[in-house]
$ cat start35.csv   # CSV, C-alpha atoms
chain,number,residue,atom,x,y,z
A,19,MET,CA,-4.2,-63.9,-16.9
A,20,PRO,CA,-3.3,-60.2,-16.9
A,21,SER,CA,-1.7,-59.1,-13.6
A,22,VAL,CA,-4.0,-56.9,-11.7
A,23,SER,CA,-2.2,-54.0,-10.1
A,24,ARG,CA,-3.5,-53.2,-6.7
A,25,SER,CA,-5.1,-49.9,-6.1
A,26,ALA,CA,-5.4,-47.6,-3.1
A,27,ARG,CA,-8.6,-45.9,-2.2
A,28,VAL,CA,-8.2,-42.4,-1.1
A,29,LYS,CA,-10.3,-39.4,-0.1
A,30,VAL,CA,-9.5,-36.2,-1.9
A,31,LEU,CA,-10.5,-32.8,-0.7
A,32,PHE,CA,-10.8,-29.5,-2.6
A,33,PHE,CA,-10.6,-26.0,-1.3
A,34,GLY,CA,-10.7,-22.4,-2.5
A,35,ARG,CA,-9.7,-21.8,-6.1
A,36,VAL,CA,-9.2,-25.6,-6.6
A,37,ARG,CA,-12.7,-26.3,-5.4
A,38,GLU,CA,-14.1,-23.6,-7.7
A,39,LEU,CA,-12.2,-24.8,-10.8
A,40,THR,CA,-13.1,-28.4,-10.4
A,41,GLY,CA,-16.6,-28.0,-8.9
A,42,LEU,CA,-15.6,-30.7,-6.3
A,43,THR,CA,-15.5,-30.4,-2.6
A,44,GLU,CA,-14.6,-34.1,-1.8
A,45,GLU,CA,-14.5,-37.3,-3.7
A,46,ASN,CA,-13.3,-40.9,-3.2
A,47,GLY,CA,-10.7,-41.9,-5.7
A,48,GLU,CA,-8.6,-44.9,-6.6
A,49,ILE,CA,-5.0,-44.9,-7.7
A,50,ARG,CA,-2.5,-47.6,-8.2
A,51,GLU,CA,-0.6,-48.5,-5.1
A,52,GLY,CA,2.8,-46.8,-5.1
A,53,ALA,CA,1.6,-43.8,-7.0
A,54,THR,CA,2.7,-40.4,-5.6
A,55,LEU,CA,0.9,-37.3,-4.7
A,56,GLY,CA,2.3,-35.8,-7.9
A,57,ASP,CA,0.8,-38.6,-10.0
A,58,LEU,CA,-2.6,-38.0,-8.4
A,59,LEU,CA,-2.4,-34.3,-9.2
A,60,GLU,CA,-1.5,-35.0,-12.8
A,61,ARG,CA,-4.7,-37.2,-13.0
A,62,TYR,CA,-6.8,-34.3,-11.8
A,63,ILE,CA,-5.1,-31.9,-14.2
A,64,GLN,CA,-6.0,-34.3,-17.1
A,65,ARG,CA,-9.6,-34.2,-15.9
A,66,TYR,CA,-9.6,-30.5,-15.2
A,67,PRO,CA,-7.1,-28.8,-17.6
A,68,GLN,CA,-8.0,-25.5,-16.0
A,69,LEU,CA,-5.9,-26.6,-13.0
A,70,ALA,CA,-2.7,-26.7,-15.1
A,71,GLY,CA,-2.0,-23.0,-14.8
A,72,PHE,CA,-2.1,-23.2,-11.0
A,73,ARG,CA,0.1,-26.3,-10.6
A,74,ALA,CA,3.2,-24.3,-9.5
A,75,SER,CA,1.2,-22.6,-6.7
A,76,LEU,CA,-0.3,-25.7,-5.2
A,77,VAL,CA,1.1,-27.7,-2.3
A,78,ALA,CA,-0.1,-31.2,-1.3
A,79,SER,CA,-1.3,-32.4,2.1
A,80,ARG,CA,-1.5,-36.1,3.1
A,81,ASN,CA,-3.5,-36.9,6.2
A,82,GLN,CA,-3.5,-33.2,7.2
A,83,GLU,CA,0.2,-32.7,7.0
A,84,PHE,CA,2.0,-30.9,4.2
A,85,ALA,CA,3.8,-33.5,2.0
A,86,ALA,CA,6.3,-33.4,-0.9
A,87,TRP,CA,5.0,-34.3,-4.3
A,88,ASP,CA,7.1,-37.5,-4.4
A,89,THR,CA,5.3,-38.9,-1.3
A,90,ARG,CA,3.7,-42.3,-2.0
A,91,ILE,CA,0.0,-42.7,-1.4
A,92,ALA,CA,-1.4,-45.4,0.8
A,93,GLY,CA,-4.9,-46.7,1.0
A,94,GLY,CA,-7.1,-44.7,3.3
A,95,ASP,CA,-5.1,-41.5,2.9
A,96,GLU,CA,-6.9,-38.1,3.0
A,97,ILE,CA,-5.3,-35.9,0.4
A,98,ALA,CA,-5.8,-32.3,-0.6
A,99,PHE,CA,-4.2,-30.0,-3.2
A,100,LEU,CA,-4.0,-26.7,-1.4
A,101,PRO,CA,-3.9,-23.3,-3.1
A,102,PRO,CA,-1.7,-20.5,-1.5
A,103,VAL,CA,-3.1,-19.9,2.0
A,104,SER,CA,-4.6,-16.5,2.8
A,105,GLY,CA,-5.9,-16.6,6.4
A,106,GLY,CA,-5.5,-13.8,8.9
B,2,MET,CA,1.6,-34.5,17.6
B,3,PRO,CA,2.7,-31.4,19.5
B,4,THR,CA,0.7,-30.7,22.6
B,5,THR,CA,-0.6,-27.5,24.0
B,6,PRO,CA,-1.8,-26.8,27.5
B,7,GLU,CA,-5.5,-27.5,28.2
B,8,SER,CA,-5.9,-23.9,29.3
B,9,ASP,CA,-5.1,-22.6,25.8
B,10,LEU,CA,-7.9,-22.0,23.3
B,11,TYR,CA,-7.8,-22.7,19.6
B,12,GLU,CA,-11.0,-22.3,17.6
B,13,LEU,CA,-12.6,-21.8,14.2
B,14,VAL,CA,-15.9,-20.0,14.5
B,15,ARG,CA,-18.6,-18.6,12.3
B,16,ALA,CA,-20.0,-16.1,14.8
B,17,VAL,CA,-18.6,-12.7,15.7
B,18,ILE,CA,-15.3,-12.9,17.7
B,19,ASP,CA,-15.4,-11.2,21.0
B,20,PRO,CA,-11.9,-10.1,21.9
B,21,ALA,CA,-12.7,-9.3,25.5
B,22,THR,CA,-13.6,-12.9,26.2
B,23,LEU,CA,-10.3,-14.1,24.7
B,24,VAL,CA,-8.3,-11.6,26.7
B,25,ARG,CA,-10.0,-12.7,29.8
B,26,HIS,CA,-9.3,-16.3,28.9
B,27,VAL,CA,-5.5,-15.9,28.9
B,28,ARG,CA,-5.3,-13.5,31.9
B,29,ALA,CA,-4.1,-15.0,35.2
B,30,GLY,CA,-2.6,-14.0,38.4
B,31,GLN,CA,0.9,-15.1,37.5
B,32,ASP,CA,0.9,-12.9,34.4
B,33,GLY,CA,2.1,-9.3,34.0
B,34,ALA,CA,1.3,-8.7,30.3
B,35,ILE,CA,-1.0,-9.7,27.5
B,36,VAL,CA,-0.3,-8.9,23.9
B,37,THR,CA,-3.1,-9.2,21.4
B,38,PHE,CA,-3.4,-9.2,17.6
B,39,ASP,CA,-6.7,-8.2,16.1
B,40,GLY,CA,-6.9,-8.8,12.4
B,41,PHE,CA,-10.0,-7.3,10.8
B,42,VAL,CA,-11.5,-6.7,7.4
B,43,ARG,CA,-10.1,-3.7,5.5
B,44,ASN,CA,-12.3,-1.6,3.3
B,45,GLU,CA,-10.0,-1.9,0.3
B,46,SER,CA,-7.6,-4.2,-1.4
B,47,HIS,CA,-4.9,-2.9,-3.9
B,48,GLY,CA,-7.0,0.2,-4.3
B,49,ARG,CA,-10.3,-1.5,-5.0
B,50,ALA,CA,-13.2,-1.0,-2.6
B,51,THR,CA,-14.0,-4.3,-0.8
B,52,LYS,CA,-17.6,-5.2,-0.2
B,53,TYR,CA,-17.1,-8.1,2.0
B,54,LEU,CA,-14.8,-11.2,2.4
B,55,GLU,CA,-15.5,-14.9,2.6
B,56,TYR,CA,-13.2,-17.3,4.4
B,57,GLU,CA,-13.1,-21.0,4.1
B,58,ALA,CA,-10.8,-23.6,5.7
B,59,TYR,CA,-9.6,-27.1,5.6
B,60,GLU,CA,-11.0,-27.2,9.1
B,61,THR,CA,-9.4,-30.2,10.7
B,62,MET,CA,-6.0,-29.4,9.3
B,63,ALA,CA,-6.3,-25.7,10.1
B,64,LEU,CA,-7.1,-26.4,13.8
B,65,ALA,CA,-4.2,-28.9,13.9
B,66,LYS,CA,-1.8,-26.3,12.4
B,67,MET,CA,-3.1,-23.6,14.9
B,68,ARG,CA,-2.3,-26.0,17.8
B,69,GLU,CA,1.1,-26.7,16.2
B,70,ILE,CA,1.8,-23.0,16.2
B,71,GLY,CA,0.7,-22.8,19.8
B,72,ALA,CA,2.9,-25.7,20.8
B,73,GLN,CA,5.9,-24.0,19.1
B,74,VAL,CA,5.1,-20.7,20.8
B,75,HIS,CA,5.1,-22.4,24.2
B,76,GLU,CA,8.4,-24.1,23.4
B,77,GLU,CA,10.2,-21.0,22.2
B,78,PHE,CA,8.8,-18.1,24.4
B,79,ALA,CA,8.4,-17.7,28.1
B,80,ILE,CA,4.6,-17.2,27.8
B,81,HIS,CA,1.6,-18.5,29.8
B,82,ARG,CA,-1.5,-18.9,27.8
B,83,VAL,CA,-2.5,-18.7,24.1
B,84,ALA,CA,-6.0,-18.0,22.7
B,85,MET,CA,-6.1,-18.1,18.9
B,86,VAL,CA,-9.4,-17.9,17.0
B,87,HIS,CA,-10.2,-17.5,13.3
B,88,ARG,CA,-13.6,-16.8,11.9
B,89,LEU,CA,-15.0,-18.4,8.7
B,90,GLY,CA,-17.8,-17.5,6.4
B,91,ARG,CA,-18.9,-14.1,5.3
B,92,LEU,CA,-17.3,-11.1,7.1
B,93,GLU,CA,-18.2,-7.5,6.7
B,94,ILE,CA,-15.8,-4.5,6.7
B,95,GLY,CA,-14.4,-3.9,10.1
B,96,GLU,CA,-15.2,-7.4,11.5
B,97,THR,CA,-12.5,-9.3,13.2
B,98,SER,CA,-11.3,-12.3,11.2
B,99,VAL,CA,-8.5,-13.5,13.5
B,100,PHE,CA,-7.7,-12.7,17.1
B,101,ILE,CA,-4.7,-13.9,19.1
B,102,ALA,CA,-4.1,-13.1,22.8
B,103,ILE,CA,-1.0,-14.3,24.6
B,104,SER,CA,-0.3,-13.8,28.2
B,105,ALA,CA,3.1,-13.9,29.9
B,106,PRO,CA,4.8,-12.9,33.1
B,107,HIS,CA,6.8,-10.3,31.1
B,108,ARG,CA,5.9,-8.2,28.0
B,109,ALA,CA,8.9,-9.1,25.8
B,110,ALA,CA,8.0,-12.7,25.4
B,111,ALA,CA,4.3,-11.9,24.8
B,112,PHE,CA,5.1,-9.4,22.1
B,113,GLU,CA,7.5,-11.8,20.3
B,114,ALA,CA,5.2,-14.8,20.7
B,115,CYS,CA,2.2,-12.9,19.3
B,116,ARG,CA,4.2,-11.7,16.3
B,117,PHE,CA,5.5,-15.2,15.6
B,118,ALA,CA,2.0,-16.7,16.0
B,119,ILE,CA,0.2,-14.4,13.5
B,120,ASP,CA,3.1,-14.5,11.0
B,121,THR,CA,3.2,-18.3,11.1
B,122,LEU,CA,-0.6,-18.6,10.9
B,123,LYS,CA,-0.7,-16.5,7.7
B,124,ARG,CA,2.0,-18.7,6.2
B,125,ILE,CA,0.9,-22.3,7.0
B,126,VAL,CA,-2.7,-22.5,8.2
B,127,PRO,CA,-5.0,-23.8,5.4
B,128,ILE,CA,-7.5,-21.0,5.3
B,129,TRP,CA,-8.5,-19.1,2.2
B,130,LYS,CA,-10.0,-15.7,1.7
B,131,LYS,CA,-12.1,-14.5,-1.2
B,132,GLU,CA,-12.5,-10.8,-1.7
B,133,TYR,CA,-15.7,-9.5,-3.1
B,134,PHE,CA,-15.8,-6.2,-4.9
B,135,GLN,CA,-18.5,-4.1,-6.7
B,136,ASP,CA,-17.5,-5.7,-10.0
B,137,GLY,CA,-16.4,-9.2,-9.1
B,138,ALA,CA,-14.5,-11.4,-6.7
B,139,ILE,CA,-11.0,-12.8,-6.5
B,140,TRP,CA,-9.1,-15.3,-4.3
B,141,ALA,CA,-6.5,-13.4,-2.3
B,142,ASP,CA,-2.9,-14.0,-3.5
B,143,GLY,CA,-1.9,-15.8,-0.4
B,144,GLU,CA,1.3,-17.6,0.5
B,145,ILE,CA,2.6,-21.0,-0.6
B,146,PRO,CA,3.3,-23.0,2.6
B,147,PRO,CA,6.6,-24.8,2.8
B,148,ALA,CA,6.1,-28.5,1.8
B,149,ALA,CA,8.2,-29.8,4.7
B,150,PRO,CA,6.3,-30.7,7.8
B,151,LYS,CA,8.3,-28.3,10.0
B,152,ALA,CA,7.2,-24.8,9.2
B,153,LYS,CA,10.2,-22.8,10.1
B,154,PRO,CA,11.4,-19.9,7.9
B,155,ALA,CA,14.4,-20.8,5.9
B,156,SER,CA,16.4,-17.7,6.9

$ encode --input "start35.csv" --output "structure tokens"
Amino acid sequence: MPSVSRSARVKVLFFGRVRELTGLTEENGEIREGATLGDLLERYIQRYPQLAGFRASLVASRNQEFAAWDTRIAGGDEIAFLPPVSGG
Amino acid sequence: MPTTPESDLYELVRAVIDPATLVRHVRAGQDGAIVTFDGFVRNESHGRATKYLEYEAYETMALAKMREIGAQVHEEFAIHRVAMVHRLGRLEIGETSVFIAISAPHRAAAFEACRFAIDTLKRIVPIWKKEYFQDGAIWADGEIPPAAPKAKPAS
């Protein structure tokens, strides 16, 4: 029997330019357990190649806190890929 | 999570911001000074005439970050109360997008705290501004927040 790798269910949120480029505001996703925020972004870039040009300007958040790209994702996480902020 | 005094005020709003209310909110008998920052919509951007702006936010995280800035302000400056409000949605030229009022017994702390608060807000709070012109619209350049949880400038 093939081994089934466990997956983590996450909520992903989209804002600003990332929201416009993907046409998404929020979606539930699944990714293999142990995957990083960077892995998840790469998946979205494959789905939405138009994101690739903005990769360097994005930062990730995990559960409403800025997080490094090598942060591992856990089930139930709320994740967002944030474009440069311009409040004020 | 950092905590802020109950008497502070942190809000994201869609209606017009009334600076007088916020100034009143932070004013108390023990204070001798209030410093405010009123950020409002400019009529041009890089030489192009602006028609209006639209702000959006990652609301729960934005509020958490605003409170975090408030907590840091209380920790680092001898101030009394903070009111920090950012407006979202469509804003016309001249309308206030962000207002900060900080009271303190003495002016120096209020000036420094207010400057720190607005500078940090612009750097780390997840809010985005789209600028609409006669011939199109663009997302404002913005700043890339530091990825580390602590948002201190790396000077």

$ closest_residue --input "start35.csv" --among "A:Pro101, A:Gly47, A:Gly56, A:Pro67" --to "A:Lys29" --atoms "only C-alpha atoms"
A:Gly47

$ closest_atom_pairs --input "start35.csv" --of "chain B" --to "chain A" --cutoff "10 Å" --atoms "all atoms listed in the file" --output "CSV"
residue,atom,partner,partner_atom,distance
B:Asp39,CA,A:Gly106,CA,9.2
B:Gly40,CA,A:Gly106,CA,6.3
B:Phe41,CA,A:Gly106,CA,8.1
B:Val42,CA,A:Gly106,CA,9.4
B:Tyr56,CA,A:Gly105,CA,7.6
B:Glu57,CA,A:Gly34,CA,7.2
B:Ala58,CA,A:Phe33,CA,7.4
B:Tyr59,CA,A:Phe33,CA,7.1
B:Glu60,CA,A:Gln82,CA,9.8
B:Thr61,CA,A:Gln82,CA,7.5
B:Met62,CA,A:Gln82,CA,5.0
B:Ala63,CA,A:Gln82,CA,8.5
B:Ala65,CA,A:Gln82,CA,8.0
B:Lys66,CA,A:Glu83,CA,8.6
B:Val86,CA,A:Gly106,CA,9.9
B:His87,CA,A:Gly106,CA,7.4
B:Arg88,CA,A:Gly106,CA,9.1
B:Leu89,CA,A:Gly105,CA,9.6
B:Thr97,CA,A:Gly106,CA,9.4
B:Ser98,CA,A:Gly106,CA,6.4
B:Val99,CA,A:Gly106,CA,5.5
B:Phe100,CA,A:Gly106,CA,8.6
B:Ile119,CA,A:Gly106,CA,7.3
B:Asp120,CA,A:Gly106,CA,8.9
B:Leu122,CA,A:Gly106,CA,7.1
B:Lys123,CA,A:Gly105,CA,5.4
B:Arg124,CA,A:Val103,CA,6.7
B:Ile125,CA,A:Val103,CA,6.8
B:Val126,CA,A:Val103,CA,6.7
B:Pro127,CA,A:Val103,CA,5.5
B:Ile128,CA,A:Gly105,CA,4.8
B:Trp129,CA,A:Ser104,CA,4.7
B:Lys130,CA,A:Ser104,CA,5.6
B:Lys131,CA,A:Gly34,CA,8.1
B:Ile139,CA,A:Arg35,CA,9.1
B:Trp140,CA,A:Arg35,CA,6.8
B:Ala141,CA,A:Ser104,CA,6.3
B:Asp142,CA,A:Pro102,CA,6.9
B:Gly143,CA,A:Ser104,CA,4.2
B:Glu144,CA,A:Pro102,CA,4.6
B:Ile145,CA,A:Pro102,CA,4.4
B:Pro146,CA,A:Pro102,CA,6.9
B:Pro147,CA,A:Phe84,CA,7.8
B:Ala148,CA,A:Phe84,CA,5.3
B:Ala149,CA,A:Phe84,CA,6.3
B:Pro150,CA,A:Phe84,CA,5.6
B:Lys151,CA,A:Phe84,CA,8.9
B:Ala152,CA,A:Phe84,CA,9.4

$ atom_distance --input "start35.csv" --atom1 "atom CA of B:Glu69" --atom2 "atom CA of A:Ile97"
19.4 Å

$ closest_residue --input "start35.csv" --among "B:Ala21, B:Leu92, B:Ile103, B:Val27" --to "B:Thr51" --atoms "only C-alpha atoms"
B:Leu92

$ closest_residue --input "start35.csv" --among "B:Thr4, B:Phe117, B:Ala102, B:Ala111" --to "B:Thr37" --atoms "only C-alpha atoms"
B:Ala102

$ residues_around --input "start35.csv" --residues "A:Leu55" --least-positions-apart "6" --cutoff "7 Å" --atoms "all atoms listed in the file" --output "PyMOL selection string"
chain A and resi 87-91

$ decode --input "start35.csv" --residues "stretch 92-127 of chain B" --atoms "N, CA and C atoms" --output "PDB file, in the first residue's frame"
ATOM      1  N   LEU B  92     -11.659  57.025   0.075  1.00  0.00           N
ATOM      2  CA  LEU B  92     -11.430  58.327   0.708  1.00  0.00           C
ATOM      3  C   LEU B  92     -11.196  59.390  -0.351  1.00  0.00           C
ATOM      4  N   GLU B  93     -11.827  60.519  -0.145  1.00  0.00           N
ATOM      5  CA  GLU B  93     -11.698  61.630  -1.096  1.00  0.00           C
ATOM      6  C   GLU B  93     -10.522  62.523  -0.689  1.00  0.00           C
ATOM      7  N   ILE B  94     -10.110  63.370  -1.611  1.00  0.00           N
ATOM      8  CA  ILE B  94      -9.020  64.311  -1.348  1.00  0.00           C
ATOM      9  C   ILE B  94      -9.329  65.108  -0.077  1.00  0.00           C
ATOM     10  N   GLY B  95      -8.343  65.220   0.792  1.00  0.00           N
ATOM     11  CA  GLY B  95      -8.499  66.023   2.001  1.00  0.00           C
ATOM     12  C   GLY B  95      -9.074  65.278   3.188  1.00  0.00           C
ATOM     13  N   GLU B  96      -9.576  64.065   2.968  1.00  0.00           N
ATOM     14  CA  GLU B  96     -10.153  63.320   4.095  1.00  0.00           C
ATOM     15  C   GLU B  96      -9.054  62.609   4.893  1.00  0.00           C
ATOM     16  N   THR B  97      -9.265  62.553   6.191  1.00  0.00           N
ATOM     17  CA  THR B  97      -8.288  61.930   7.077  1.00  0.00           C
ATOM     18  C   THR B  97      -8.306  60.408   6.934  1.00  0.00           C
ATOM     19  N   SER B  98      -7.121  59.842   6.675  1.00  0.00           N
ATOM     20  CA  SER B  98      -7.011  58.385   6.562  1.00  0.00           C
ATOM     21  C   SER B  98      -6.514  57.772   7.862  1.00  0.00           C
ATOM     22  N   VAL B  99      -5.682  58.502   8.571  1.00  0.00           N
ATOM     23  CA  VAL B  99      -5.176  57.991   9.850  1.00  0.00           C
ATOM     24  C   VAL B  99      -5.059  59.151  10.830  1.00  0.00           C
ATOM     25  N   PHE B 100      -5.435  58.897  12.073  1.00  0.00           N
ATOM     26  CA  PHE B 100      -5.294  59.925  13.100  1.00  0.00           C
ATOM     27  C   PHE B 100      -4.774  59.284  14.371  1.00  0.00           C
ATOM     28  N   ILE B 101      -3.736  59.910  14.918  1.00  0.00           N
ATOM     29  CA  ILE B 101      -3.152  59.423  16.174  1.00  0.00           C
ATOM     30  C   ILE B 101      -3.107  60.586  17.158  1.00  0.00           C
ATOM     31  N   ALA B 102      -3.576  60.354  18.366  1.00  0.00           N
ATOM     32  CA  ALA B 102      -3.469  61.361  19.426  1.00  0.00           C
ATOM     33  C   ALA B 102      -2.824  60.691  20.625  1.00  0.00           C
ATOM     34  N   ILE B 103      -1.819  61.350  21.190  1.00  0.00           N
ATOM     35  CA  ILE B 103      -1.130  60.797  22.360  1.00  0.00           C
ATOM     36  C   ILE B 103      -0.989  61.883  23.420  1.00  0.00           C
ATOM     37  N   SER B 104      -1.456  61.558  24.610  1.00  0.00           N
ATOM     38  CA  SER B 104      -1.346  62.511  25.711  1.00  0.00           C
ATOM     39  C   SER B 104      -0.209  62.099  26.637  1.00  0.00           C
ATOM     40  N   ALA B 105       0.326  63.086  27.316  1.00  0.00           N
ATOM     41  CA  ALA B 105       1.430  62.839  28.254  1.00  0.00           C
ATOM     42  C   ALA B 105       1.504  63.982  29.248  1.00  0.00           C
ATOM     43  N   PRO B 106       2.124  63.731  30.379  1.00  0.00           N
ATOM     44  CA  PRO B 106       2.331  64.829  31.333  1.00  0.00           C
ATOM     45  C   PRO B 106       3.195  65.937  30.719  1.00  0.00           C
ATOM     46  N   HIS B 107       4.185  65.559  29.909  1.00  0.00           N
ATOM     47  CA  HIS B 107       5.109  66.537  29.323  1.00  0.00           C
ATOM     48  C   HIS B 107       5.250  66.326  27.815  1.00  0.00           C
ATOM     49  N   ARG B 108       5.498  67.415  27.090  1.00  0.00           N
ATOM     50  CA  ARG B 108       5.395  67.373  25.633  1.00  0.00           C
ATOM     51  C   ARG B 108       6.414  66.477  24.938  1.00  0.00           C
ATOM     52  N   ALA B 109       7.633  66.408  25.455  1.00  0.00           N
ATOM     53  CA  ALA B 109       8.690  65.694  24.722  1.00  0.00           C
ATOM     54  C   ALA B 109       8.294  64.240  24.463  1.00  0.00           C
ATOM     55  N   ALA B 110       7.779  63.582  25.472  1.00  0.00           N
ATOM     56  CA  ALA B 110       7.403  62.173  25.322  1.00  0.00           C
ATOM     57  C   ALA B 110       6.270  62.028  24.315  1.00  0.00           C
ATOM     58  N   ALA B 111       5.323  62.975  24.342  1.00  0.00           N
ATOM     59  CA  ALA B 111       4.188  62.891  23.418  1.00  0.00           C
ATOM     60  C   ALA B 111       4.654  63.073  21.970  1.00  0.00           C
ATOM     61  N   PHE B 112       5.552  64.034  21.733  1.00  0.00           N
ATOM     62  CA  PHE B 112       6.091  64.230  20.383  1.00  0.00           C
ATOM     63  C   PHE B 112       6.801  62.967  19.901  1.00  0.00           C
ATOM     64  N   GLU B 113       7.695  62.455  20.709  1.00  0.00           N
ATOM     65  CA  GLU B 113       8.489  61.284  20.292  1.00  0.00           C
ATOM     66  C   GLU B 113       7.601  60.064  20.076  1.00  0.00           C
ATOM     67  N   ALA B 114       6.650  59.875  20.969  1.00  0.00           N
ATOM     68  CA  ALA B 114       5.780  58.703  20.877  1.00  0.00           C
ATOM     69  C   ALA B 114       4.915  58.774  19.617  1.00  0.00           C
ATOM     70  N   CYS B 115       4.422  59.952  19.310  1.00  0.00           N
ATOM     71  CA  CYS B 115       3.547  60.103  18.148  1.00  0.00           C
ATOM     72  C   CYS B 115       4.329  59.853  16.860  1.00  0.00           C
ATOM     73  N   ARG B 116       5.541  60.377  16.818  1.00  0.00           N
ATOM     74  CA  ARG B 116       6.395  60.160  15.642  1.00  0.00           C
ATOM     75  C   ARG B 116       6.695  58.659  15.468  1.00  0.00           C
ATOM     76  N   PHE B 117       7.032  58.017  16.566  1.00  0.00           N
ATOM     77  CA  PHE B 117       7.319  56.584  16.526  1.00  0.00           C
ATOM     78  C   PHE B 117       6.084  55.799  16.084  1.00  0.00           C
ATOM     79  N   ALA B 118       4.933  56.190  16.596  1.00  0.00           N
ATOM     80  CA  ALA B 118       3.705  55.449  16.294  1.00  0.00           C
ATOM     81  C   ALA B 118       3.356  55.523  14.811  1.00  0.00           C
ATOM     82  N   ILE B 119       3.398  56.699  14.225  1.00  0.00           N
ATOM     83  CA  ILE B 119       3.009  56.791  12.808  1.00  0.00           C
ATOM     84  C   ILE B 119       4.072  56.153  11.916  1.00  0.00           C
ATOM     85  N   ASP B 120       5.343  56.353  12.249  1.00  0.00           N
ATOM     86  CA  ASP B 120       6.403  55.739  11.432  1.00  0.00           C
ATOM     87  C   ASP B 120       6.284  54.214  11.455  1.00  0.00           C
ATOM     88  N   THR B 121       6.010  53.655  12.623  1.00  0.00           N
ATOM     89  CA  THR B 121       5.923  52.195  12.740  1.00  0.00           C
ATOM     90  C   THR B 121       4.653  51.681  12.081  1.00  0.00           C
ATOM     91  N   LEU B 122       3.561  52.411  12.239  1.00  0.00           N
ATOM     92  CA  LEU B 122       2.306  52.020  11.577  1.00  0.00           C
ATOM     93  C   LEU B 122       2.538  51.893  10.074  1.00  0.00           C
ATOM     94  N   LYS B 123       3.207  52.868   9.494  1.00  0.00           N
ATOM     95  CA  LYS B 123       3.410  52.850   8.041  1.00  0.00           C
ATOM     96  C   LYS B 123       4.304  51.699   7.608  1.00  0.00           C
ATOM     97  N   ARG B 124       5.118  51.196   8.533  1.00  0.00           N
ATOM     98  CA  ARG B 124       6.049  50.136   8.173  1.00  0.00           C
ATOM     99  C   ARG B 124       5.494  48.741   8.399  1.00  0.00           C
ATOM    100  N   ILE B 125       4.650  48.553   9.407  1.00  0.00           N
ATOM    101  CA  ILE B 125       4.297  47.151   9.737  1.00  0.00           C
ATOM    102  C   ILE B 125       2.807  46.829   9.733  1.00  0.00           C
ATOM    103  N   VAL B 126       1.927  47.813   9.684  1.00  0.00           N
ATOM    104  CA  VAL B 126       0.499  47.473   9.788  1.00  0.00           C
ATOM    105  C   VAL B 126      -0.029  47.082   8.399  1.00  0.00           C
ATOM    106  N   PRO B 127      -0.638  45.893   8.280  1.00  0.00           N
ATOM    107  CA  PRO B 127      -1.076  45.415   6.966  1.00  0.00           C
ATOM    108  C   PRO B 127      -2.321  46.137   6.451  1.00  0.00           C
TER     109      PRO B 127
END
